[in-house]
Structure formats: C-alpha cells, structure tokens
2 protein chains.
Amino acid sequence: MARPTMEDVAARAGVSRALVSLVMRGSPKVSDRRRAAVLKAAEELGYSPHAMARSLASRTSHVLGVMVSDLHNAFFAEVVDGLDAVAGEHGFDLILNTGGRSPARERRALRSLLSFRPAGLALLSPVVPAADIGRAAEQAPVVLVARSSRLAAVDTVNDDGERGIALAVDHLVSLGHERIAHLDGGGGSQAAPRRRGYLAAMAAHGLAPRVVGSEYTDVGGARAVRGLLGDLPTAIVSCNDFNAVGAISALEEAGLRVPGDVSVVGYDNTSLAALRHVSLTTVDQPRNELGRLAAEALLQRVRGERVAPVRHLLHPSLVVRSTTAPPVRSA
Amino acid sequence: MARPTMEDVAARAGVSRALVSLVMRGSPKVSDRRRAAVLKAAEELGYSPHAMARSLASRTSHVLGVMVSDLHNAFFAEVVDGLDAVAGEHGFDLILNTGGRSPARERRALRSLLSFRPAGLALLSPVVPAADIGRAAEQAPVVLVARSSRLAAVDTVNDDGERGIALAVDHLVSLGHERIAHLDGGGGSQAAPRRRGYLAAMAAHGLAPRVVGSEYTDVGGARAVRGLLGDLPTAIVSCNDFNAVGAISALEEAGLRVPGDVSVVGYDNTSLAALRHVSLTTVDQPRNELGRLAAEALLQRVRGERVAPVRHLLHPSLVVRSTTAPPVRSA
DNA sequence: TCTATTTGTTGGAGCGCTCTAAGGCTGTAG
DNA sequence: CTACAGCCTTAGAGCGCTCCAACAAATAGA
C-alpha cells in the first residue's frame, strides 16, 4: 500500500518533480511530448495526486465542510445532495459531520470540520448559539441553511415559509373555504414564519384565524384533530406533511372524508406526500435547490466574488393533489 | 483568516514546536506546568491543529471515504448516519461523495475519495464492476454495504434478504394464508435474494409460488396488482415498502379492503410504513446497524486487527402492523 | 550576428505538522 | 564533587506537494 509519489512518476518519465506537478494541474505550459510521457508514467504506476499534500502546499482547500443535524430526515439528505452536486461540478469534495441537534456535539463537529481548513462551511439547521457560528465564520465562509442569522459574515438560504403557507391559504379560499384552521408546529424550526404566514393570509382575506397547537409529527396531527372534532373547520393547513397525514388519519377514523368533509394541506412535499396512496396537497420546498444555492454562495466567497452577505429566500410552490376540494354547502 | 500555527503557539508559550505537538496529541510525557502553558497559549490564539498537515506528517489518515449512490434514498442516509456515529466515536471523519448509480460517476467519485488517502472506504450499493472495487481495495480497506462480493480483500455488510422474506411468508402462513404472491423487484439491488427467499419459504410450506414481475416503486406495485385482479391471491409479499403501498392503493381502488380481502407485507420498514395512516406490516432492515458494522469492519482493518474478510449478514425482523390478517373463508 | 523575447523546464524553499535521536536538567548515589 | 540515571525538552529531517526564481533552449527583432 505504499503508493507512488510525484517523485516516482518524475523519475520514471525522466523529468523533474515540478514538471509532473504542472502536468497534474493541467498547465498549458508543458510540451506535448513531456505531457504524454508524464501521463504514461503516472498511468503505469497507478499514480494519483495526494489531495492533502496538495492542499497543504498550495494553502488552498477544495473541501467544503457540511454539518447536518440529522441524516434521517429526508429534508437534510436532499440538501446535502444538492450541495454535493454543485461542489462536485467545481471540483470540491464534501466532508460531513452530524450534530445530532445537541449544541455540545455540534460544537465538536464544527471543530472537527474546521481542522480540515475547509474552503467553506455549510451548516444545516444548526442549534448552536449565534456566537459559535460567528466564531466559525472567522475561519471560513459560512452559509446557513434553514436557519436565519443577522451576522454580516454569513450567508443564509431559507425557504419563505410565510409565503408558502399563504399559498396554501389562498388555494383554500379560492376553493370557497372560510373556516380554515392551522395546526401549528410549536417550537419547531420554521414553525414561527409558517404561523405568521397563516395569520397574515387569513387577515388579508378578512377571515377569522384559528391556530391549534400541535407538532411536526403524525401523532401530533392526529391529536390536534381529535381536539377539533366538536367544532370542525372545513379546511386544515398543517405545519408539515407528517402532521397532515396524522390529521387525515384521525379525520377518517372519526368517519369523515378527506377532502369530502374536510380539506387538508401539508407542507414540505416529502416523498410521503407524493405517494398515490396519500396524494397530499402540499407546499413544496425546493430542497435540492436549497443545497445548490448554499454551495454556490460558498463558492462565490471562496473565489472572492462577493463579500456582502446574501440572504436567499426561496419561493415555495403549491402542489395540488387529492386532499383539497370545495367545502360542502351546509347550513 | 491567517490561522495560527503550532509555531505561534510554541512562541507564545515559550516552548518548542515539538512540545506543542506532544501536548496536542495528549502525550503523557509532558510536565503539567508546560502542558498548562501550551493549552493556555493555544486557547488565547484560537489555535486548532491542521488535520491535513497532521495526516501528511504522520502518514496516517483519520478519514473514512464514503460513496453513496443516492442520498435521496432514506436507506442510504441512515446507513451514513450509522457510519458517522461509529467513525465519530473513534475520532474519524467522513468524506462523502455520491455516485448517482452511474459507473462513470462512481469511478470519478472513487478516485476523488482515494486522493485523500482515506484510512478506509465504504461503498454503499455501488454499481461499478468488481474489478474497480478490487483496484480500490489495493489502496485502502474497502467495505461494501448492500452489495456482495467474493473479493478476499473486501468486507461486506448486507441484510439477509432471503431470511427477511421468509419471515414475511411464515407470518402469512401462520395466519392461514396459502395463496401468497410475490411482487418481484426485477433487476433492483437485493431483489434476487428476496425472490429466492420467497421461493424457498413457499416450498418449505408445500405451497405453490407465484412470482409477479414488478419494481421498487409504488406505481410498479399498483400496476402489478391490476394485472392480478382476475385471479387474486389472499396475500401479497412486496419487494419493498413503496411497492406495497402502491399495491394497497390499487387494491382499494378496485373496491377491496386491506387486510380484509387481501393481506400485504412490505420490506424495509421505511418511515413511510411506520405512519399510522399507512401502518404497513413490513420487514425491518437494521440500517443504522449496517452502517455501524461497516465502520467497525473498516476500523478493524485500519488497526490491523484483522486481515481475513468478514461477511456480515444481518438478521432482519418482522414488524407486524395493520395490513395483515387471516384470510376470509371463501369457497 | 548579437541581443531581446518567449517558451519550457528545473532546483529549492516551504506549507504545518510528526517523529527520531540527541540534548538539558534535575536528583540521587558514589 | 563527579557520575549516572531518569525525565523533559528540543533541533532537524521529512511527509507529498506547490510555487517562485532562475535557467536553457528556441524564436524573434534589429
């Protein structure tokens, strides 16, 4: 496993180490004859450059550090996928750590990522205090996904939750609904803007809002609906898809039909919502795009193309499926 | 962003660079007085060791390369999570690449990972030919997840698909089913052992097998069921959860009840199956465990504790929910 | 023909660290 | 007062590479 070095390739090709370096970096100032010889020698030896040595010598890194709270969550997995796609296109590699939604673990993860002197750092929905983020930002450009910040040194990429929920409310209103309840995500990330968006949209339509405390799980959605059974709205806007699926199942258990008796809208457009069995009307967050923009924000800073912070607020879109319909005419 | 080096810390603490190095590596042969002075200086300067320089100098790597076909898939995301957990416990970091199920892209990804001279390489369901894997294994220990191999240099970690499907068939037989069909995963990864397991289990019970061509998607499951409507079995064993959910939705569209008229079993225990709305009886693959074992296999080789290949075949388990019941007594 | 360029190639220093071998300092014994 | 452990500490070489300055060779301009 003693891998060949540049020196070995140089010796075999009968040139200097520096020339091999030039060839490996694709420099134009090498004669075709030498280039071919070097490439041949490298091929025969099975040589490939040592990324870490290269990084050390050039004082530049082609690594982006990524801290993700939780890979179980399909949301983050897709964001990472988007990050990886853009990074790959530009010859960057990802080094990845999970923070497990614990500030202590996240801090450790941050330190570990920083020890690789990454060109940039993408933090997906981190829970550490802003001070830690600011400190990290002194070491490398930082972009935050699904978390906002006022720090001048960090970029942020979020979806516009207010607008997303407004899309859902507008859709229901246009179907004729007036009694529309919101199952609230509580302290969950992005729950606040979603609630704000609901209240604003209802006010804009001159309708009375009704916020019901709930959480980001199907069990939470079911529980909230059971509390609603005495005085049912004609439509429900859930804080996310899981919550919506729970709500639907509780409605059906109570002998009600969706969307016959009650319309339900989710949020996130998870793979769950897309299943024909579920076929949930929901709001799509462009997850992959979130990751792509995060990577691009980082690369812009790396290349020195920008110093001012950027605040992406992506437009979510409504995906209409089978859980919404006009309300029944009742007394 | 010019970060302090060991030299700076040494100067500030009034000691040599080598002594700082010893402190950073936690060597016991440093007096308490000096250790404290070094730690203090490091703290004040905000110094943290440079992982790449360290790796280069020590000729050892604390990085594990991970190639994942596709992060969208929750299966892989959870395996990566398991890998990360074990790696983290042992002070290793993950560097990650996606192969996109294309041999060309996977080869690129492999080369890129190898350029970091990782201590080990975990390939999750790779599609490259065995020869490429063998070549990679010459550079670093390799463990394959969800793909088998006969190569002596590589370890493998898989779930026992034959056994998993047998679990499903046994469960249905014990409920009284005799006409049990299998919706086959076609050329999909692990589809073959699952089919084999079905055939063997049916034979063991003296029942006539019925394999229906399908694929790993809900649309595929629905289509397969529609082809079955003329001569329906009393139970269906799907190749995975998505397929099972599609099958259920086609059954319900045809006016049939699950599990009243037909029982359905999935495979994989995705988060989908666990939803109360779906509540699918399915076979659980210990995904996180798959990742953990993969990381451990790598670490054993890294530490030189083992040279013989290991072939983990994890026991799946049956998760009984609401889509299976005894068959209706019919003529 | 001789001096300027240009073009291609090279040695050597140095990136931030580890590691080995050798050095300094204490303390105790002779 | 010297000798010799022992324990800390250090100088220095080197990991595999990049980059700069210097140089040789080929071409151009006068």
# chains A, B, ... in the order shown; residues from 1 in each chain; ligands from 1
call {"tool": "residues_around", "arguments": {"residues": "Val258 (chain A)", "least_positions_apart": "5", "cutoff": "12 Å", "atoms": "only C-alpha atoms (C1' of nucleotides)", "output": "PyMOL selection string"}}
result
chain A and resi 234-236+244-245+247-253+263-265+278-281+321-328
call {"tool": "write_last_selection", "arguments": {"atoms": "N, CA and C atoms", "output": "PDB file, in the first residue's frame"}}
result
ATOM      1  N   THR A 234     -63.680  23.699   7.898  1.00  0.00           N
ATOM      2  CA  THR A 234     -63.866  22.988   6.625  1.00  0.00           C
ATOM      3  C   THR A 234     -62.528  22.688   5.977  1.00  0.00           C
ATOM      4  N   ALA A 235     -61.463  23.315   6.489  1.00  0.00           N
ATOM      5  CA  ALA A 235     -60.133  23.054   5.923  1.00  0.00           C
ATOM      6  C   ALA A 235     -59.065  23.206   6.990  1.00  0.00           C
ATOM      7  N   ILE A 236     -57.981  22.445   6.799  1.00  0.00           N
ATOM      8  CA  ILE A 236     -56.871  22.457   7.760  1.00  0.00           C
ATOM      9  C   ILE A 236     -55.565  22.686   7.015  1.00  0.00           C
ATOM     10  N   ALA A 244     -49.965  16.522   8.662  1.00  0.00           N
ATOM     11  CA  ALA A 244     -51.147  16.448   7.806  1.00  0.00           C
ATOM     12  C   ALA A 244     -51.630  15.009   7.668  1.00  0.00           C
ATOM     13  N   VAL A 245     -50.701  14.093   7.500  1.00  0.00           N
ATOM     14  CA  VAL A 245     -51.086  12.688   7.350  1.00  0.00           C
ATOM     15  C   VAL A 245     -51.745  12.196   8.635  1.00  0.00           C
ATOM     16  N   ALA A 247     -53.361  14.063  10.716  1.00  0.00           N
ATOM     17  CA  ALA A 247     -54.667  14.717  10.774  1.00  0.00           C
ATOM     18  C   ALA A 247     -55.680  13.959   9.923  1.00  0.00           C
ATOM     19  N   ILE A 248     -55.269  13.592   8.722  1.00  0.00           N
ATOM     20  CA  ILE A 248     -56.169  12.865   7.825  1.00  0.00           C
ATOM     21  C   ILE A 248     -56.594  11.551   8.446  1.00  0.00           C
ATOM     22  N   SER A 249     -55.641  10.864   9.030  1.00  0.00           N
ATOM     23  CA  SER A 249     -55.991   9.559   9.562  1.00  0.00           C
ATOM     24  C   SER A 249     -56.968   9.705  10.728  1.00  0.00           C
ATOM     25  N   ALA A 250     -56.804  10.740  11.547  1.00  0.00           N
ATOM     26  CA  ALA A 250     -57.756  10.956  12.649  1.00  0.00           C
ATOM     27  C   ALA A 250     -59.133  11.341  12.111  1.00  0.00           C
ATOM     28  N   LEU A 251     -59.159  12.118  11.038  1.00  0.00           N
ATOM     29  CA  LEU A 251     -60.440  12.501  10.438  1.00  0.00           C
ATOM     30  C   LEU A 251     -61.166  11.262   9.922  1.00  0.00           C
ATOM     31  N   GLU A 252     -60.424  10.397   9.260  1.00  0.00           N
ATOM     32  CA  GLU A 252     -61.046   9.202   8.698  1.00  0.00           C
ATOM     33  C   GLU A 252     -61.549   8.273   9.795  1.00  0.00           C
ATOM     34  N   GLU A 253     -60.764   8.207  10.858  1.00  0.00           N
ATOM     35  CA  GLU A 253     -61.194   7.390  11.997  1.00  0.00           C
ATOM     36  C   GLU A 253     -62.517   7.894  12.564  1.00  0.00           C
ATOM     37  N   SER A 263     -60.886  19.571   3.915  1.00  0.00           N
ATOM     38  CA  SER A 263     -59.694  19.611   3.069  1.00  0.00           C
ATOM     39  C   SER A 263     -58.456  19.724   3.960  1.00  0.00           C
ATOM     40  N   VAL A 264     -57.353  19.146   3.511  1.00  0.00           N
ATOM     41  CA  VAL A 264     -56.118  19.205   4.300  1.00  0.00           C
ATOM     42  C   VAL A 264     -54.941  19.540   3.386  1.00  0.00           C
ATOM     43  N   VAL A 265     -54.106  20.461   3.855  1.00  0.00           N
ATOM     44  CA  VAL A 265     -52.891  20.803   3.104  1.00  0.00           C
ATOM     45  C   VAL A 265     -51.671  20.571   3.997  1.00  0.00           C
ATOM     46  N   VAL A 278     -51.365   8.398  -0.691  1.00  0.00           N
ATOM     47  CA  VAL A 278     -51.559   9.546   0.186  1.00  0.00           C
ATOM     48  C   VAL A 278     -52.062  10.735  -0.623  1.00  0.00           C
ATOM     49  N   SER A 279     -51.324  11.043  -1.663  1.00  0.00           N
ATOM     50  CA  SER A 279     -51.712  12.089  -2.600  1.00  0.00           C
ATOM     51  C   SER A 279     -52.133  13.385  -1.915  1.00  0.00           C
ATOM     52  N   LEU A 280     -51.211  13.901  -1.148  1.00  0.00           N
ATOM     53  CA  LEU A 280     -51.479  15.074  -0.318  1.00  0.00           C
ATOM     54  C   LEU A 280     -51.204  16.388  -1.049  1.00  0.00           C
ATOM     55  N   THR A 281     -52.161  17.298  -0.985  1.00  0.00           N
ATOM     56  CA  THR A 281     -51.897  18.660  -1.451  1.00  0.00           C
ATOM     57  C   THR A 281     -50.938  19.281  -0.445  1.00  0.00           C
ATOM     58  N   ARG A 321     -52.889  18.158  -4.955  1.00  0.00           N
ATOM     59  CA  ARG A 321     -53.187  16.746  -5.219  1.00  0.00           C
ATOM     60  C   ARG A 321     -54.631  16.469  -4.798  1.00  0.00           C
ATOM     61  N   SER A 322     -54.849  15.411  -4.063  1.00  0.00           N
ATOM     62  CA  SER A 322     -56.247  14.985  -3.864  1.00  0.00           C
ATOM     63  C   SER A 322     -56.845  15.248  -2.491  1.00  0.00           C
ATOM     64  N   THR A 323     -56.208  16.029  -1.675  1.00  0.00           N
ATOM     65  CA  THR A 323     -56.788  16.213  -0.341  1.00  0.00           C
ATOM     66  C   THR A 323     -57.458  17.573  -0.156  1.00  0.00           C
ATOM     67  N   THR A 324     -57.625  18.287  -1.251  1.00  0.00           N
ATOM     68  CA  THR A 324     -58.336  19.565  -1.158  1.00  0.00           C
ATOM     69  C   THR A 324     -59.453  19.614  -2.195  1.00  0.00           C
ATOM     70  N   ALA A 325     -60.593  20.194  -1.801  1.00  0.00           N
ATOM     71  CA  ALA A 325     -61.752  20.320  -2.680  1.00  0.00           C
ATOM     72  C   ALA A 325     -62.631  21.423  -2.112  1.00  0.00           C
ATOM     73  N   PRO A 326     -63.615  21.893  -2.863  1.00  0.00           N
ATOM     74  CA  PRO A 326     -64.518  22.916  -2.332  1.00  0.00           C
ATOM     75  C   PRO A 326     -65.246  22.383  -1.100  1.00  0.00           C
ATOM     76  N   PRO A 327     -65.622  23.248  -0.181  1.00  0.00           N
ATOM     77  CA  PRO A 327     -66.320  22.806   1.033  1.00  0.00           C
ATOM     78  C   PRO A 327     -67.737  22.382   0.700  1.00  0.00           C
ATOM     79  N   VAL A 328     -68.317  21.512   1.531  1.00  0.00           N
ATOM     80  CA  VAL A 328     -69.714  21.142   1.323  1.00  0.00           C
ATOM     81  C   VAL A 328     -70.581  22.312   1.752  1.00  0.00           C
TER      82      VAL A 328
END
call {"tool": "interface_residues", "arguments": {"of": "chain D", "to": "chain B", "cutoff": "12 Å", "atoms": "only C-alpha atoms (C1' of nucleotides)", "output": "PDB file with C-alpha atoms (C1' of nucleotides), in the first residue's frame"}}
result
ATOM      1  C1'  DC D   7      12.609  12.669  32.806  1.00  0.00           C
ATOM      2  C1'  DC D   8      11.555  16.646  29.792  1.00  0.00           C
ATOM      3  C1'  DT D   9      12.512  19.146  26.028  1.00  0.00           C
ATOM      4  C1'  DT D  10      14.385  20.276  21.561  1.00  0.00           C
ATOM      5  C1'  DA D  11      16.562  20.540  16.864  1.00  0.00           C
ATOM      6  C1'  DG D  12      16.091  18.809  12.478  1.00  0.00           C
ATOM      7  C1'  DA D  13      14.694  15.952   8.819  1.00  0.00           C
ATOM      8  C1'  DG D  14      10.941  14.823   6.077  1.00  0.00           C
ATOM      9  C1'  DC D  15       5.677  13.767   4.665  1.00  0.00           C
ATOM     10  C1'  DG D  16       4.000  14.962  -0.873  1.00  0.00           C
ATOM     11  C1'  DC D  17       3.095  18.593  -2.875  1.00  0.00           C
TER      12       DC D  17
END
call {"tool": "residues_around", "arguments": {"residues": "Arg147 (chain A)", "least_positions_apart": "5", "cutoff": "10 Å", "atoms": "only C-alpha atoms (C1' of nucleotides)", "output": "NGL selection string"}}
result
:A and (123-127 or 156-159 or 189-190)
call {"tool": "closest_atom_pairs", "arguments": {"of": "chain C", "to": "chain A", "cutoff": "12 Å", "atoms": "only C-alpha atoms (C1' of nucleotides)", "output": "JSON lines"}}
result
{"residue": "C:DT6", "atom": "C1'", "partner": "A:Lys29", "partner_atom": "CA", "distance": 11.5}
{"residue": "C:DT7", "atom": "C1'", "partner": "A:Lys29", "partner_atom": "CA", "distance": 7.6}
{"residue": "C:DG8", "atom": "C1'", "partner": "A:Val30", "partner_atom": "CA", "distance": 6.3}
{"residue": "C:DT9", "atom": "C1'", "partner": "A:Leu19", "partner_atom": "CA", "distance": 7.0}
{"residue": "C:DT10", "atom": "C1'", "partner": "A:Ser16", "partner_atom": "CA", "distance": 6.5}
{"residue": "C:DG11", "atom": "C1'", "partner": "A:Ala18", "partner_atom": "CA", "distance": 9.0}
{"residue": "C:DG12", "atom": "C1'", "partner": "A:Ala18", "partner_atom": "CA", "distance": 10.7}
{"residue": "C:DA13", "atom": "C1'", "partner": "A:Ala57", "partner_atom": "CA", "distance": 11.5}
{"residue": "C:DG14", "atom": "C1'", "partner": "A:Ala57", "partner_atom": "CA", "distance": 8.0}
{"residue": "C:DC15", "atom": "C1'", "partner": "A:Ala57", "partner_atom": "CA", "distance": 4.5}
{"residue": "C:DG16", "atom": "C1'", "partner": "A:Leu56", "partner_atom": "CA", "distance": 7.6}
{"residue": "C:DC17", "atom": "C1'", "partner": "A:Leu56", "partner_atom": "CA", "distance": 10.1}
call {"tool": "interface_residues", "arguments": {"of": "chain A", "to": "chain B", "cutoff": "9 Å", "atoms": "only C-alpha atoms", "output": "JSON, numbers by chain"}}
result
{"A": [1, 2, 3, 48, 49, 50, 51, 52, 53, 55, 56, 70, 71, 72, 73, 74, 75, 77, 78, 80, 81, 84, 85, 88, 93, 94, 95, 96, 97, 98, 109, 111, 112, 113, 114, 115, 116, 117, 138, 139, 140, 218, 219, 242, 245, 246, 248, 249, 250, 271, 272, 275, 276, 277, 278]}
call {"tool": "residues_around", "arguments": {"residues": "Ser317 (chain B)", "least_positions_apart": "6", "cutoff": "8 Å", "atoms": "only C-alpha atoms (C1' of nucleotides)", "output": "list in words"}}
result
Gly164, Leu167, Val283, Asp284 and Gln285 of chain B
call {"tool": "write_last_selection", "arguments": {"atoms": "C-alpha atoms", "output": "CSV table (one decimal), in the first residue's frame"}}
result
chain,number,residue,atom,x,y,z
B,164,GLY,CA,-36.4,-11.5,5.7
B,167,LEU,CA,-40.2,-14.1,7.9
B,283,VAL,CA,-39.6,-6.4,7.3
B,284,ASP,CA,-37.1,-4.2,9.1
B,285,GLN,CA,-33.6,-3.9,7.9
call {"tool": "select_by_dssp", "arguments": {"residues": "region 85-207 of chain B", "states": "strand (DSSP E or B)", "output": "JSON, numbers by chain"}}
result
{"B": [93, 94, 95, 96, 97, 98, 120, 121, 122, 123, 124, 142, 143, 144, 145, 154, 155, 156, 157, 158, 159, 180, 181, 182, 183, 184]}
call {"tool": "select_by_dssp", "arguments": {"residues": "region 34-276 of chain B", "states": "alpha helix (DSSP H)", "output": "JSON, numbers by chain"}}
result
{"B": [34, 35, 36, 37, 38, 39, 40, 41, 42, 43, 44, 45, 51, 52, 53, 54, 55, 56, 57, 58, 74, 75, 76, 77, 78, 79, 80, 81, 82, 83, 84, 85, 86, 87, 88, 89, 103, 104, 105, 106, 107, 108, 109, 110, 111, 112, 113, 114, 130, 131, 132, 133, 134, 135, 136, 137, 138, 139, 161, 162, 163, 164, 165, 166, 167, 168, 169, 170, 171, 172, 173, 174, 175, 191, 192, 193, 194, 195, 196, 197, 198, 199, 200, 201, 202, 203, 204, 218, 219, 220, 221, 222, 223, 224, 225, 226, 227, 228, 241, 242, 243, 244, 245, 246, 247, 248, 249, 250, 251, 252, 253, 271, 272, 273, 274]}
call {"tool": "residues_around", "arguments": {"residues": "DT3 (chain C)", "least_positions_apart": "2", "cutoff": "10 Å", "atoms": "only C-alpha atoms (C1' of nucleotides)", "output": "MDAnalysis selection string"}}
result
(chainID C and resid 1 5) or (chainID D and resid 29:30)
call {"tool": "write_last_selection", "arguments": {"atoms": "C-alpha atoms (C1' of nucleotides)", "output": "PDB file, in the first residue's frame"}}
result
ATOM      1  C1'  DT C   1      25.351  38.224 -35.955  1.00  0.00           C
ATOM      2  C1'  DT C   5      11.787  37.590 -26.013  1.00  0.00           C
TER       3       DT C   5
ATOM      4  C1'  DG D  29      13.854  41.505 -33.793  1.00  0.00           C
ATOM      5  C1'  DA D  30      17.464  44.647 -35.006  1.00  0.00           C
TER       6       DA D  30
END
